[in-house]
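Peer 1: Following this line is start.pdb, made up of PDB, C-alpha atoms and all ligand atoms:
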```pdb
ATOM      1  CA  MET A1226      -1.544  17.433  22.329  1.00  0.00           C
ATOM      2  CA  ASP A1227      -3.583  17.845  19.183  1.00  0.00           C
ATOM      3  CA  CYS A1228      -2.555  14.605  17.513  1.00  0.00           C
ATOM      4  CA  LEU A1229      -5.023  12.518  15.525  1.00  0.00           C
ATOM      5  CA  PHE A1230      -3.335   9.203  16.223  1.00  0.00           C
ATOM      6  CA  CYS A1231      -2.944   9.951  19.953  1.00  0.00           C
ATOM      7  CA  LYS A1232      -6.717  10.535  19.926  1.00  0.00           C
ATOM      8  CA  ILE A1233      -7.202   7.153  18.242  1.00  0.00           C
ATOM      9  CA  VAL A1234      -4.946   5.532  20.875  1.00  0.00           C
ATOM     10  CA  ASN A1235      -6.997   7.202  23.619  1.00  0.00           C
ATOM     11  CA  GLY A1236     -10.288   6.115  22.031  1.00  0.00           C
ATOM     12  CA  ASP A1237     -11.423   9.701  21.423  1.00  0.00           C
ATOM     13  CA  ILE A1238     -11.637   8.976  17.679  1.00  0.00           C
ATOM     14  CA  PRO A1239     -12.875   5.570  16.489  1.00  0.00           C
ATOM     15  CA  SER A1240     -10.759   3.218  14.415  1.00  0.00           C
ATOM     16  CA  THR A1241     -11.047  -0.252  12.984  1.00  0.00           C
ATOM     17  CA  LYS A1242      -8.478  -2.052  15.107  1.00  0.00           C
ATOM     18  CA  VAL A1243      -6.779  -5.152  13.794  1.00  0.00           C
ATOM     19  CA  TYR A1244      -4.151  -5.555  16.528  1.00  0.00           C
ATOM     20  CA  GLU A1245      -3.442  -4.046  19.919  1.00  0.00           C
ATOM     21  CA  ASP A1246      -1.094  -4.657  22.809  1.00  0.00           C
ATOM     22  CA  GLU A1247       0.286  -2.474  25.591  1.00  0.00           C
ATOM     23  CA  LYS A1248       2.715  -0.640  23.302  1.00  0.00           C
ATOM     24  CA  VAL A1249       1.276  -0.845  19.784  1.00  0.00           C
ATOM     25  CA  LEU A1250      -1.963  -0.286  17.910  1.00  0.00           C
ATOM     26  CA  ALA A1251      -2.790  -1.310  14.340  1.00  0.00           C
ATOM     27  CA  PHE A1252      -5.919  -0.185  12.519  1.00  0.00           C
ATOM     28  CA  ARG A1253      -7.278   0.083   8.995  1.00  0.00           C
ATOM     29  CA  ASP A1254      -6.402   3.185   6.993  1.00  0.00           C
ATOM     30  CA  ILE A1255      -9.505   5.313   6.426  1.00  0.00           C
ATOM     31  CA  ASN A1256      -8.505   5.900   2.780  1.00  0.00           C
ATOM     32  CA  PRO A1257      -7.066   2.580   1.665  1.00  0.00           C
ATOM     33  CA  GLN A1258      -4.512   2.585  -1.171  1.00  0.00           C
ATOM     34  CA  ALA A1259      -4.611  -1.196  -1.545  1.00  0.00           C
ATOM     35  CA  PRO A1260      -7.073  -4.000  -0.669  1.00  0.00           C
ATOM     36  CA  THR A1261      -5.249  -4.319   2.646  1.00  0.00           C
ATOM     37  CA  HIS A1262      -3.976  -1.023   4.092  1.00  0.00           C
ATOM     38  CA  ILE A1263      -3.174  -1.014   7.783  1.00  0.00           C
ATOM     39  CA  LEU A1264      -1.379   1.549   9.924  1.00  0.00           C
ATOM     40  CA  VAL A1265       0.807   0.335  12.783  1.00  0.00           C
ATOM     41  CA  ILE A1266       1.649   2.938  15.399  1.00  0.00           C
ATOM     42  CA  PRO A1267       3.369   3.150  18.771  1.00  0.00           C
ATOM     43  CA  LYS A1268       0.951   4.167  21.519  1.00  0.00           C
ATOM     44  CA  GLU A1269       3.503   6.703  22.715  1.00  0.00           C
ATOM     45  CA  HIS A1270       3.767   9.853  20.621  1.00  0.00           C
ATOM     46  CA  ILE A1271       6.831   9.822  18.378  1.00  0.00           C
ATOM     47  CA  PRO A1272       6.504  12.455  15.613  1.00  0.00           C
ATOM     48  CA  SER A1273       8.127  10.515  12.760  1.00  0.00           C
ATOM     49  CA  VAL A1274      11.067   8.283  11.847  1.00  0.00           C
ATOM     50  CA  ASP A1275      13.194  11.354  12.596  1.00  0.00           C
ATOM     51  CA  GLY A1276      12.098  11.076  16.234  1.00  0.00           C
ATOM     52  CA  ILE A1277      13.405   7.536  16.730  1.00  0.00           C
ATOM     53  CA  ASN A1278      16.322   7.381  19.160  1.00  0.00           C
ATOM     54  CA  ALA A1279      18.030   5.060  21.619  1.00  0.00           C
ATOM     55  CA  ASP A1280      15.408   5.827  24.275  1.00  0.00           C
ATOM     56  CA  ASN A1281      12.375   4.812  22.206  1.00  0.00           C
ATOM     57  CA  SER A1282      13.656   2.426  19.538  1.00  0.00           C
ATOM     58  CA  ALA A1283      12.513  -0.658  21.465  1.00  0.00           C
ATOM     59  CA  VAL A1284       8.920   0.102  20.492  1.00  0.00           C
ATOM     60  CA  VAL A1285       9.971   0.346  16.851  1.00  0.00           C
ATOM     61  CA  ALA A1286      11.605  -3.066  17.097  1.00  0.00           C
ATOM     62  CA  HIS A1287       8.403  -4.331  18.674  1.00  0.00           C
ATOM     63  CA  ILE A1288       6.345  -2.862  15.822  1.00  0.00           C
ATOM     64  CA  PHE A1289       8.514  -4.798  13.366  1.00  0.00           C
ATOM     65  CA  GLU A1290       7.879  -7.973  15.341  1.00  0.00           C
ATOM     66  CA  CYS A1291       4.144  -7.293  15.089  1.00  0.00           C
ATOM     67  CA  ILE A1292       4.103  -6.521  11.364  1.00  0.00           C
ATOM     68  CA  PRO A1293       4.653 -10.095  10.095  1.00  0.00           C
ATOM     69  CA  LYS A1294       2.007 -11.376  12.500  1.00  0.00           C
ATOM     70  CA  ILE A1295      -0.492  -8.773  11.297  1.00  0.00           C
ATOM     71  CA  ALA A1296       0.374  -9.537   7.671  1.00  0.00           C
ATOM     72  CA  ALA A1297      -0.148 -13.249   8.276  1.00  0.00           C
ATOM     73  CA  ALA A1298      -3.472 -12.613  10.020  1.00  0.00           C
ATOM     74  CA  GLU A1299      -4.538 -10.552   6.989  1.00  0.00           C
ATOM     75  CA  GLY A1300      -3.606 -13.382   4.647  1.00  0.00           C
ATOM     76  CA  LEU A1301      -0.832 -11.468   2.879  1.00  0.00           C
ATOM     77  CA  THR A1302       0.948 -14.662   1.893  1.00  0.00           C
ATOM     78  CA  ASN A1303       2.181 -13.296  -1.439  1.00  0.00           C
ATOM     79  CA  GLY A1304       3.995 -10.297   0.037  1.00  0.00           C
ATOM     80  CA  TYR A1305       3.328  -6.776   1.166  1.00  0.00           C
ATOM     81  CA  ARG A1306       4.988  -3.364   1.446  1.00  0.00           C
ATOM     82  CA  VAL A1307       5.896  -1.476   4.635  1.00  0.00           C
ATOM     83  CA  VAL A1308       6.180   2.307   4.270  1.00  0.00           C
ATOM     84  CA  SER A1309       6.775   5.203   6.630  1.00  0.00           C
ATOM     85  CA  ASN A1310       6.547   8.725   5.263  1.00  0.00           C
ATOM     86  CA  CYS A1311       8.831  11.128   7.131  1.00  0.00           C
ATOM     87  CA  GLY A1312       8.471  14.865   6.722  1.00  0.00           C
ATOM     88  CA  ASP A1313       7.199  17.161   4.023  1.00  0.00           C
ATOM     89  CA  ASP A1314       9.089  15.768   1.026  1.00  0.00           C
ATOM     90  CA  ALA A1315       7.560  12.378   1.792  1.00  0.00           C
ATOM     91  CA  CYS A1316       4.078  13.915   2.253  1.00  0.00           C
ATOM     92  CA  GLN A1317       3.747  12.824   5.876  1.00  0.00           C
ATOM     93  CA  SER A1318       0.266  14.055   6.788  1.00  0.00           C
ATOM     94  CA  VAL A1319      -0.085  12.760  10.365  1.00  0.00           C
ATOM     95  CA  LYS A1320       2.819  13.703  12.608  1.00  0.00           C
ATOM     96  CA  HIS A1321       2.695  10.564  14.747  1.00  0.00           C
ATOM     97  CA  LEU A1322       5.026   7.765  13.663  1.00  0.00           C
ATOM     98  CA  HIS A1323       3.204   5.128  11.645  1.00  0.00           C
ATOM     99  CA  PHE A1324       4.059   2.281   9.355  1.00  0.00           C
ATOM    100  CA  HIS A1325       1.755   1.508   6.450  1.00  0.00           C
ATOM    101  CA  ILE A1326       1.224  -2.152   5.581  1.00  0.00           C
ATOM    102  CA  LEU A1327       0.027  -2.364   1.978  1.00  0.00           C
ATOM    103  CA  GLY A1328      -0.929  -5.552   0.218  1.00  0.00           C
ATOM    104  CA  GLY A1329      -3.572  -7.749  -1.278  1.00  0.00           C
ATOM    105  CA  LYS A1330      -2.655  -6.920  -4.872  1.00  0.00           C
ATOM    106  CA  GLN A1331       0.413  -6.563  -7.087  1.00  0.00           C
ATOM    107  CA  LEU A1332       1.784  -3.180  -5.990  1.00  0.00           C
ATOM    108  CA  ALA A1333       3.484  -0.619  -8.216  1.00  0.00           C
ATOM    109  CA  ASP A1334       7.073  -1.373  -9.167  1.00  0.00           C
ATOM    110  CA  THR A1335       8.103   2.173  -8.284  1.00  0.00           C
ATOM    111  CA  MET A1336       8.148   3.837  -4.885  1.00  0.00           C
ATOM    112  CA  ALA A1337       8.508   7.506  -5.728  1.00  0.00           C
TER     113      ALA A1337
HETATM  114  P1  LIG B   1       0.838   9.696   5.950  1.00  0.00           P
HETATM  115  O1  LIG B   1       0.357  10.473   4.773  1.00  0.00           O
HETATM  116  O2  LIG B   1       1.983   8.751   5.650  1.00  0.00           O
HETATM  117  O3  LIG B   1       1.102  10.592   7.138  1.00  0.00           O
HETATM  118  O4  LIG B   1      -0.339   8.711   6.331  1.00  0.00           O
HETATM  119  C1  LIG B   1      -1.418   9.096   7.114  1.00  0.00           C
HETATM  120  C2  LIG B   1      -2.507   8.113   6.826  1.00  0.00           C
HETATM  121  O5  LIG B   1      -3.489   8.238   7.830  1.00  0.00           O
HETATM  122  C3  LIG B   1      -3.210   8.313   5.484  1.00  0.00           C
HETATM  123  O6  LIG B   1      -3.056   7.161   4.683  1.00  0.00           O
HETATM  124  C4  LIG B   1      -4.663   8.567   5.882  1.00  0.00           C
HETATM  125  O7  LIG B   1      -5.581   7.977   4.993  1.00  0.00           O
HETATM  126  C5  LIG B   1      -4.720   7.934   7.253  1.00  0.00           C
HETATM  127  N1  LIG B   1      -5.759   8.457   8.145  1.00  0.00           N
HETATM  128  C6  LIG B   1      -6.072   9.762   8.370  1.00  0.00           C
HETATM  129  N2  LIG B   1      -7.052   9.854   9.289  1.00  0.00           N
HETATM  130  C7  LIG B   1      -7.358   8.574   9.645  1.00  0.00           C
HETATM  131  C8  LIG B   1      -8.304   8.007  10.549  1.00  0.00           C
HETATM  132  N3  LIG B   1      -9.137   8.767  11.311  1.00  0.00           N
HETATM  133  N4  LIG B   1      -8.360   6.662  10.641  1.00  0.00           N
HETATM  134  C9  LIG B   1      -7.548   5.894   9.896  1.00  0.00           C
HETATM  135  N5  LIG B   1      -6.621   6.358   9.045  1.00  0.00           N
HETATM  136  C10 LIG B   1      -6.537   7.687   8.912  1.00  0.00           C
HETATM  137 ZN    ZN B   2       0.468  11.379  18.644  1.00  0.00          ZN
END
```
Before anything else, please render the file you have as structure tokens.
Ligand code: AMP
Ligand code: ZN

Peer 2:
Amino acid sequence: MDCLFCKIVNGDIPSTKVYEDEKVLAFRDINPQAPTHILVIPKEHIPSVDGINADNSAVVAHIFECIPKIAAAEGLTNGYRVVSNCGDDACQSVKHLHFHILGGKQLADTMA
């Protein structure tokens, strides 16, 4: 499958990893929108939030267990934002489920 994030999971494309376990990978966004900008992805290919279902939601729960640990390791003690763009209206550019962790500054008060 021609998926950028599957290639990162497989090590075919390099990334700056900040966390990894058997199910999840987190790495720094190549075009950071905040001082800390990390992407957290399932290692299995799920196209977007729209692809979450009863068969694969355990990995999503696991991602949300990892996020506070990653945020703490990054020193985001004053808060952070978690975002997942789903589909064209949300400008999803990589069709492999990912959650952005954004922090390290006062973020915009608007989301859209
Ligand atoms: P989205 O627009 O929500 O699909 O987010 C995709 C994100 O992937 C963007 O913030 C990109 O900057 C980021 N990105 C694209 N290619 C890479 C890469 N090779 N390594 C790290 N982040 C990437
Ligand atoms: Zn993929």

Peer 1: Please build the interface table for chain A against ligand ZN 2 (chain B) with a cut-off of 10 Å, listing for each qualifying residue the nearest atom pair and the distance in Å to one decimal; count all atoms listed in the file, order rows by chain and increasing number, and write it as a Markdown table.

Peer 2:
```
| residue | atom | partner | partner_atom | distance |
| --- | --- | --- | --- | --- |
| A:Met1226 | CA | B:ZN2 | ZN | 7.4 |
| A:Asp1227 | CA | B:ZN2 | ZN | 7.6 |
| A:Cys1228 | CA | B:ZN2 | ZN | 4.6 |
| A:Leu1229 | CA | B:ZN2 | ZN | 6.4 |
| A:Phe1230 | CA | B:ZN2 | ZN | 5.0 |
| A:Cys1231 | CA | B:ZN2 | ZN | 3.9 |
| A:Lys1232 | CA | B:ZN2 | ZN | 7.3 |
| A:Ile1233 | CA | B:ZN2 | ZN | 8.8 |
| A:Val1234 | CA | B:ZN2 | ZN | 8.3 |
| A:Asn1235 | CA | B:ZN2 | ZN | 9.9 |
| A:Ile1266 | CA | B:ZN2 | ZN | 9.1 |
| A:Pro1267 | CA | B:ZN2 | ZN | 8.7 |
| A:Lys1268 | CA | B:ZN2 | ZN | 7.8 |
| A:Glu1269 | CA | B:ZN2 | ZN | 6.9 |
| A:His1270 | CA | B:ZN2 | ZN | 4.1 |
| A:Ile1271 | CA | B:ZN2 | ZN | 6.6 |
| A:Pro1272 | CA | B:ZN2 | ZN | 6.8 |
| A:Ser1273 | CA | B:ZN2 | ZN | 9.7 |
| A:Val1319 | CA | B:ZN2 | ZN | 8.4 |
| A:Lys1320 | CA | B:ZN2 | ZN | 6.9 |
| A:His1321 | CA | B:ZN2 | ZN | 4.6 |
| A:Leu1322 | CA | B:ZN2 | ZN | 7.7 |
| A:His1323 | CA | B:ZN2 | ZN | 9.8 |
```

Peer 1: Kindly compile the residues surrounding ligand LIG 1 (chain B) within 10 Å, counting only C-alpha atoms and all ligand atoms, and format them as number ranges by chain.

Peer 2: A: 1229-1230, 1232-1233, 1238-1242, 1251-1258, 1262-1264, 1273, 1308-1313, 1315-1325

Peer 1: For the PyMOL selection byres (((chain A and resi 1303) around 12) and not hetatm), applied here, can you spell out every residue it catches as a list in words?

Peer 2: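 When the PyMOL selection byres (((chain A and resi 1303) around 12) and not hetatm) is applied to the shown file, the picked residues are Ala1296, Ala1297, Glu1299, Gly1300, Leu1301, Thr1302, Gly1304, Tyr1305, Arg1306, Leu1327, Gly1328, Gly1329, Lys1330, Gln1331 and Leu1332 of chain A.
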
Peer 1: For the atom pair atom CA of Pro1293 of chain A and atom CA of Asn1278 of chain A, what is the interatomic distance in Å to one decimal place?

Peer 2: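 Atom CA of Asn1278 of chain A lies 22.9 Å from atom CA of Pro1293 of chain A.
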
Peer 1: May I ask which of the residues A:Asp1334, A:Asp1237, A:Glu1245, A:Asp1314 is the closest one to Cys1291 of chain A, counting all atoms listed in the file?

Peer 2: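 Ranking A:Asp1334, A:Asp1237, A:Glu1245, A:Asp1314 by distance to Cys1291 of chain A, first place goes to A:Glu1245.
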
Peer 1: In Å, how far is it from atom CA of Pro1260 of chain A to atom CA of Lys1248 of chain A?

Peer 2: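 Distance reported for this atom pair: 26.1 Å.
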
Peer 1: How many Å separate atom CA of Ala1337 of chain A from atom CA of Val1307 of chain A?

Peer 2: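 Separating atom CA of Ala1337 of chain A from atom CA of Val1307 of chain A is a distance of 14.0 Å.
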
Peer 1: For a quick check of your reading of the model, name the residues lying within 6 Å of the coordinate (4.5, -0.6, 17.3), counting all atoms listed in the file, and write them as JSON, numbers by chain.

Peer 2: {"A": [1249, 1265, 1266, 1267, 1284, 1285, 1287, 1288]}

Peer 1: Given 6 Å of margin on each side, can you work out the centre and size in Å (one decimal) of an axis-aligned box holding every listed atom of segment 1239-1248 of chain A, as AutoDock Vina command-line options?

Peer 2:
```
--center_x -5.1 --center_y 0.0 --center_z 19.3 --size_x 27.6 --size_y 23.1 --size_z 24.6
```

Peer 1: Using all atoms listed in the file, which residue out of A:Val1243, A:Thr1261, A:Phe1289, A:Leu1250 lies closest to Ile1326 of chain A?

Peer 2: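 Ranking A:Val1243, A:Thr1261, A:Phe1289, A:Leu1250 by distance to Ile1326 of chain A, first place goes to A:Thr1261.
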
Peer 1: For segment 1321-1332 of chain A, where the input has fewer atoms than it should, I would like all heavy atoms rebuilt and written as an mmCIF file, in the coordinates of the input.

Peer 2:
```cif
data_model
loop_
_atom_site.group_PDB
_atom_site.id
_atom_site.type_symbol
_atom_site.label_atom_id
_atom_site.label_comp_id
_atom_site.auth_asym_id
_atom_site.auth_seq_id
_atom_site.Cartn_x
_atom_site.Cartn_y
_atom_site.Cartn_z
ATOM 1 N N HIS A 1321 2.530 11.588 13.713
ATOM 2 C CA HIS A 1321 2.695 10.564 14.747
ATOM 3 C C HIS A 1321 3.207 9.345 13.990
ATOM 4 O O HIS A 1321 2.545 8.875 13.055
ATOM 5 C CB HIS A 1321 1.347 10.296 15.441
ATOM 6 C CG HIS A 1321 1.368 9.266 16.531
ATOM 7 N ND1 HIS A 1321 0.870 9.507 17.801
ATOM 8 C CD2 HIS A 1321 1.775 7.977 16.543
ATOM 9 C CE1 HIS A 1321 0.985 8.420 18.542
ATOM 10 N NE2 HIS A 1321 1.537 7.469 17.798
ATOM 11 N N LEU A 1322 4.371 8.862 14.392
ATOM 12 C CA LEU A 1322 5.026 7.765 13.663
ATOM 13 C C LEU A 1322 4.039 6.652 13.321
ATOM 14 O O LEU A 1322 3.281 6.191 14.181
ATOM 15 C CB LEU A 1322 6.157 7.201 14.536
ATOM 16 C CG LEU A 1322 6.948 6.032 13.949
ATOM 17 C CD1 LEU A 1322 7.723 6.433 12.704
ATOM 18 C CD2 LEU A 1322 7.885 5.460 15.009
ATOM 19 N N HIS A 1323 4.045 6.243 12.066
ATOM 20 C CA HIS A 1323 3.204 5.128 11.645
ATOM 21 C C HIS A 1323 3.851 4.409 10.489
ATOM 22 O O HIS A 1323 4.553 5.012 9.679
ATOM 23 C CB HIS A 1323 1.790 5.595 11.276
ATOM 24 C CG HIS A 1323 1.733 6.711 10.284
ATOM 25 N ND1 HIS A 1323 1.968 8.027 10.634
ATOM 26 C CD2 HIS A 1323 1.498 6.718 8.949
ATOM 27 C CE1 HIS A 1323 1.858 8.794 9.561
ATOM 28 N NE2 HIS A 1323 1.584 8.021 8.520
ATOM 29 N N PHE A 1324 3.571 3.123 10.437
ATOM 30 C CA PHE A 1324 4.059 2.281 9.355
ATOM 31 C C PHE A 1324 2.848 1.750 8.603
ATOM 32 O O PHE A 1324 1.964 1.140 9.203
ATOM 33 C CB PHE A 1324 4.914 1.136 9.915
ATOM 34 C CG PHE A 1324 6.175 1.641 10.572
ATOM 35 C CD1 PHE A 1324 6.196 1.931 11.931
ATOM 36 C CD2 PHE A 1324 7.319 1.877 9.826
ATOM 37 C CE1 PHE A 1324 7.343 2.426 12.541
ATOM 38 C CE2 PHE A 1324 8.472 2.376 10.419
ATOM 39 C CZ PHE A 1324 8.480 2.650 11.778
ATOM 40 N N HIS A 1325 2.810 2.037 7.312
ATOM 41 C CA HIS A 1325 1.755 1.508 6.450
ATOM 42 C C HIS A 1325 2.097 0.067 6.082
ATOM 43 O O HIS A 1325 3.234 -0.214 5.680
ATOM 44 C CB HIS A 1325 1.669 2.304 5.145
ATOM 45 C CG HIS A 1325 1.371 3.767 5.301
ATOM 46 N ND1 HIS A 1325 0.129 4.302 5.007
ATOM 47 C CD2 HIS A 1325 2.139 4.815 5.683
ATOM 48 C CE1 HIS A 1325 0.162 5.618 5.194
ATOM 49 N NE2 HIS A 1325 1.369 5.961 5.603
ATOM 50 N N ILE A 1326 1.128 -0.812 6.183
ATOM 51 C CA ILE A 1326 1.224 -2.152 5.581
ATOM 52 C C ILE A 1326 0.266 -2.157 4.403
ATOM 53 O O ILE A 1326 -0.945 -1.919 4.569
ATOM 54 C CB ILE A 1326 0.816 -3.267 6.565
ATOM 55 C CG1 ILE A 1326 1.692 -3.250 7.813
ATOM 56 C CG2 ILE A 1326 0.884 -4.623 5.869
ATOM 57 C CD1 ILE A 1326 1.238 -4.267 8.874
ATOM 58 N N LEU A 1327 0.814 -2.391 3.215
ATOM 59 C CA LEU A 1327 0.027 -2.364 1.978
ATOM 60 C C LEU A 1327 0.145 -3.715 1.298
ATOM 61 O O LEU A 1327 1.255 -4.238 1.114
ATOM 62 C CB LEU A 1327 0.558 -1.279 1.043
ATOM 63 C CG LEU A 1327 0.433 0.150 1.569
ATOM 64 C CD1 LEU A 1327 1.549 1.022 1.029
ATOM 65 C CD2 LEU A 1327 -0.916 0.730 1.192
ATOM 66 N N GLY A 1328 -0.984 -4.268 0.908
ATOM 67 C CA GLY A 1328 -0.929 -5.552 0.218
ATOM 68 C C GLY A 1328 -2.291 -5.968 -0.298
ATOM 69 O O GLY A 1328 -3.243 -5.191 -0.294
ATOM 70 N N GLY A 1329 -2.322 -7.210 -0.747
ATOM 71 C CA GLY A 1329 -3.572 -7.749 -1.278
ATOM 72 C C GLY A 1329 -3.716 -7.574 -2.772
ATOM 73 O O GLY A 1329 -4.748 -7.937 -3.336
ATOM 74 N N LYS A 1330 -2.700 -7.016 -3.414
ATOM 75 C CA LYS A 1330 -2.655 -6.920 -4.872
ATOM 76 C C LYS A 1330 -1.189 -6.767 -5.284
ATOM 77 O O LYS A 1330 -0.322 -6.531 -4.431
ATOM 78 C CB LYS A 1330 -3.473 -5.731 -5.379
ATOM 79 C CG LYS A 1330 -2.860 -4.369 -5.052
ATOM 80 C CD LYS A 1330 -3.582 -3.232 -5.762
ATOM 81 C CE LYS A 1330 -2.869 -1.916 -5.517
ATOM 82 N NZ LYS A 1330 -3.546 -0.779 -6.182
ATOM 83 N N GLN A 1331 -0.937 -6.864 -6.584
ATOM 84 C CA GLN A 1331 0.413 -6.563 -7.087
ATOM 85 C C GLN A 1331 0.606 -5.058 -7.004
ATOM 86 O O GLN A 1331 -0.114 -4.289 -7.664
ATOM 87 C CB GLN A 1331 0.554 -7.044 -8.539
ATOM 88 C CG GLN A 1331 1.906 -6.748 -9.149
ATOM 89 C CD GLN A 1331 3.025 -7.561 -8.503
ATOM 90 O OE1 GLN A 1331 2.995 -8.773 -8.513
ATOM 91 N NE2 GLN A 1331 3.990 -6.863 -7.915
ATOM 92 N N LEU A 1332 1.555 -4.615 -6.188
ATOM 93 C CA LEU A 1332 1.784 -3.180 -5.990
ATOM 94 C C LEU A 1332 2.661 -2.617 -7.100
ATOM 95 O O LEU A 1332 3.326 -3.360 -7.830
ATOM 96 C CB LEU A 1332 2.443 -2.949 -4.627
ATOM 97 C CG LEU A 1332 1.607 -3.413 -3.420
ATOM 98 C CD1 LEU A 1332 2.450 -3.360 -2.151
ATOM 99 C CD2 LEU A 1332 0.346 -2.588 -3.263
#
```
